[in-house]
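Visitor: Dropping the structure in here first, questions after.
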Amino acid sequence: MGLEYIYAVWLLHEAKKEINADNIKKVLTSVGIEPNDAMINAVLASLQGVDLNKIKEESLSFAPAQPTPQQTEQKKEEKQENKAEEKKEEQALEGLSSLFGF
């Protein structure tokens with residue numbers, strides 16, 4: 001099945017429009033896609049008894065949280081700070097070891 005038909009269904013669903021053959025055709029033709037009646041009928045048949053709200057809810061609950069650009073930048077800064085601290089510790093250890101002849 002072509003994803004464009006599924007996308008048309010989701011667009012209609014989100015716009016709270018009736019999901020039927022005519023509306024699917026309108027969505028597809030509006031973006032320059034020649035609708036295929038057999039595909040439309042197959043999509044509509046596969047949607048019988050399907051709760052799109054439930055599918056949307058379930059899919060959103062499993063979506064991994066994407067870090068914001070600020071969180072990404074903060075992680076970079078933390079890594080740089082950790083590296084700087086590690087360098088200082090290494091230098092301190094080197095200074096101590098040279099004192100005692102290690």
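Every chain in the structure tokens takes a letter, A first, then B, and so on in the order presented; its residues are numbered from 1, and the ligands are numbered from 1 following the presented order.
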Going by DSSP on the backbone, which bits of chain A are alpha helix (DSSP H)? Write them as a ChimeraX atom specification, please.
Guide: /A:3-14,21-30,37-46,52-61,69-100
Visitor: For the residues in the current selection, export C-alpha atoms as a PDB file, in the first residue's frame.
Guide:
ATOM      1  CA  LEU A   3       2.081   5.585   2.151  1.00  0.00           C
ATOM      2  CA  GLU A   4       0.505   8.569   0.436  1.00  0.00           C
ATOM      3  CA  TYR A   5      -2.910   6.965   0.985  1.00  0.00           C
ATOM      4  CA  ILE A   6      -2.173   6.450   4.672  1.00  0.00           C
ATOM      5  CA  TYR A   7      -0.939  10.034   4.956  1.00  0.00           C
ATOM      6  CA  ALA A   8      -4.147  11.247   3.319  1.00  0.00           C
ATOM      7  CA  VAL A   9      -6.155   9.303   5.906  1.00  0.00           C
ATOM      8  CA  TRP A  10      -4.134  10.821   8.765  1.00  0.00           C
ATOM      9  CA  LEU A  11      -4.552  14.319   7.354  1.00  0.00           C
ATOM     10  CA  LEU A  12      -8.304  13.835   7.118  1.00  0.00           C
ATOM     11  CA  HIS A  13      -8.405  12.378  10.607  1.00  0.00           C
ATOM     12  CA  GLU A  14      -6.409  15.271  12.093  1.00  0.00           C
ATOM     13  CA  ALA A  21     -13.070   7.786  -0.981  1.00  0.00           C
ATOM     14  CA  ASP A  22     -13.974  11.268  -2.207  1.00  0.00           C
ATOM     15  CA  ASN A  23     -12.021  13.039   0.530  1.00  0.00           C
ATOM     16  CA  ILE A  24      -8.978  10.801   0.044  1.00  0.00           C
ATOM     17  CA  LYS A  25      -9.090  11.594  -3.682  1.00  0.00           C
ATOM     18  CA  LYS A  26      -9.278  15.325  -2.932  1.00  0.00           C
ATOM     19  CA  VAL A  27      -6.244  15.161  -0.649  1.00  0.00           C
ATOM     20  CA  LEU A  28      -4.195  13.168  -3.153  1.00  0.00           C
ATOM     21  CA  THR A  29      -5.097  15.299  -6.165  1.00  0.00           C
ATOM     22  CA  SER A  30      -4.361  18.466  -4.192  1.00  0.00           C
ATOM     23  CA  ASP A  37      -9.560   3.643  -6.799  1.00  0.00           C
ATOM     24  CA  ALA A  38      -8.388   0.134  -5.953  1.00  0.00           C
ATOM     25  CA  MET A  39      -5.845   1.490  -3.471  1.00  0.00           C
ATOM     26  CA  ILE A  40      -8.418   3.791  -1.916  1.00  0.00           C
ATOM     27  CA  ASN A  41     -10.854   0.914  -1.509  1.00  0.00           C
ATOM     28  CA  ALA A  42      -8.115  -1.254   0.010  1.00  0.00           C
ATOM     29  CA  VAL A  43      -7.209   1.460   2.518  1.00  0.00           C
ATOM     30  CA  LEU A  44     -10.834   2.020   3.466  1.00  0.00           C
ATOM     31  CA  ALA A  45     -11.393  -1.726   3.871  1.00  0.00           C
ATOM     32  CA  SER A  46      -8.314  -2.041   6.078  1.00  0.00           C
ATOM     33  CA  LEU A  52      -7.233   5.965  14.755  1.00  0.00           C
ATOM     34  CA  ASN A  53      -7.297   7.933  18.013  1.00  0.00           C
ATOM     35  CA  LYS A  54      -6.107   4.875  19.911  1.00  0.00           C
ATOM     36  CA  ILE A  55      -3.341   4.197  17.375  1.00  0.00           C
ATOM     37  CA  LYS A  56      -2.174   7.796  17.577  1.00  0.00           C
ATOM     38  CA  GLU A  57      -2.210   7.726  21.377  1.00  0.00           C
ATOM     39  CA  GLU A  58      -0.259   4.472  21.526  1.00  0.00           C
ATOM     40  CA  SER A  59       2.313   5.567  18.976  1.00  0.00           C
ATOM     41  CA  LEU A  60       2.954   8.818  20.819  1.00  0.00           C
ATOM     42  CA  SER A  61       3.374   7.044  24.138  1.00  0.00           C
ATOM     43  CA  PRO A  69      19.113  21.664  21.274  1.00  0.00           C
ATOM     44  CA  GLN A  70      19.738  23.185  24.712  1.00  0.00           C
ATOM     45  CA  GLN A  71      20.090  19.723  26.271  1.00  0.00           C
ATOM     46  CA  THR A  72      22.486  18.677  23.522  1.00  0.00           C
ATOM     47  CA  GLU A  73      24.594  21.805  24.063  1.00  0.00           C
ATOM     48  CA  GLN A  74      24.550  21.238  27.832  1.00  0.00           C
ATOM     49  CA  LYS A  75      25.836  17.680  27.375  1.00  0.00           C
ATOM     50  CA  LYS A  76      28.680  18.958  25.191  1.00  0.00           C
ATOM     51  CA  GLU A  77      29.615  21.498  27.836  1.00  0.00           C
ATOM     52  CA  GLU A  78      29.518  18.832  30.563  1.00  0.00           C
ATOM     53  CA  LYS A  79      31.818  16.603  28.541  1.00  0.00           C
ATOM     54  CA  GLN A  80      34.261  19.461  28.058  1.00  0.00           C
ATOM     55  CA  GLU A  81      34.162  20.250  31.778  1.00  0.00           C
ATOM     56  CA  ASN A  82      34.767  16.581  32.622  1.00  0.00           C
ATOM     57  CA  LYS A  83      37.761  16.470  30.295  1.00  0.00           C
ATOM     58  CA  ALA A  84      39.178  19.611  31.878  1.00  0.00           C
ATOM     59  CA  GLU A  85      38.730  18.137  35.368  1.00  0.00           C
ATOM     60  CA  GLU A  86      40.377  14.877  34.318  1.00  0.00           C
ATOM     61  CA  LYS A  87      43.351  16.809  32.928  1.00  0.00           C
ATOM     62  CA  LYS A  88      43.737  18.718  36.178  1.00  0.00           C
ATOM     63  CA  GLU A  89      43.619  15.462  38.162  1.00  0.00           C
ATOM     64  CA  GLU A  90      46.227  13.875  35.894  1.00  0.00           C
ATOM     65  CA  GLN A  91      48.483  16.906  36.244  1.00  0.00           C
ATOM     66  CA  ALA A  92      48.070  16.842  40.018  1.00  0.00           C
ATOM     67  CA  LEU A  93      48.958  13.139  40.108  1.00  0.00           C
ATOM     68  CA  GLU A  94      51.965  13.716  37.886  1.00  0.00           C
ATOM     69  CA  GLY A  95      53.128  16.481  40.197  1.00  0.00           C
ATOM     70  CA  LEU A  96      52.787  14.216  43.240  1.00  0.00           C
ATOM     71  CA  SER A  97      54.546  11.332  41.582  1.00  0.00           C
ATOM     72  CA  SER A  98      57.481  13.539  40.586  1.00  0.00           C
ATOM     73  CA  LEU A  99      57.790  14.687  44.199  1.00  0.00           C
ATOM     74  CA  PHE A 100      58.186  11.143  45.413  1.00  0.00           C
TER      75      PHE A 100
END
Visitor: Atom CA of A:Glu34 and atom CA of A:Asp51 are how many Å apart?
Guide: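 Separation of atom CA of A:Glu34 and atom CA of A:Asp51: 27.3 Å.
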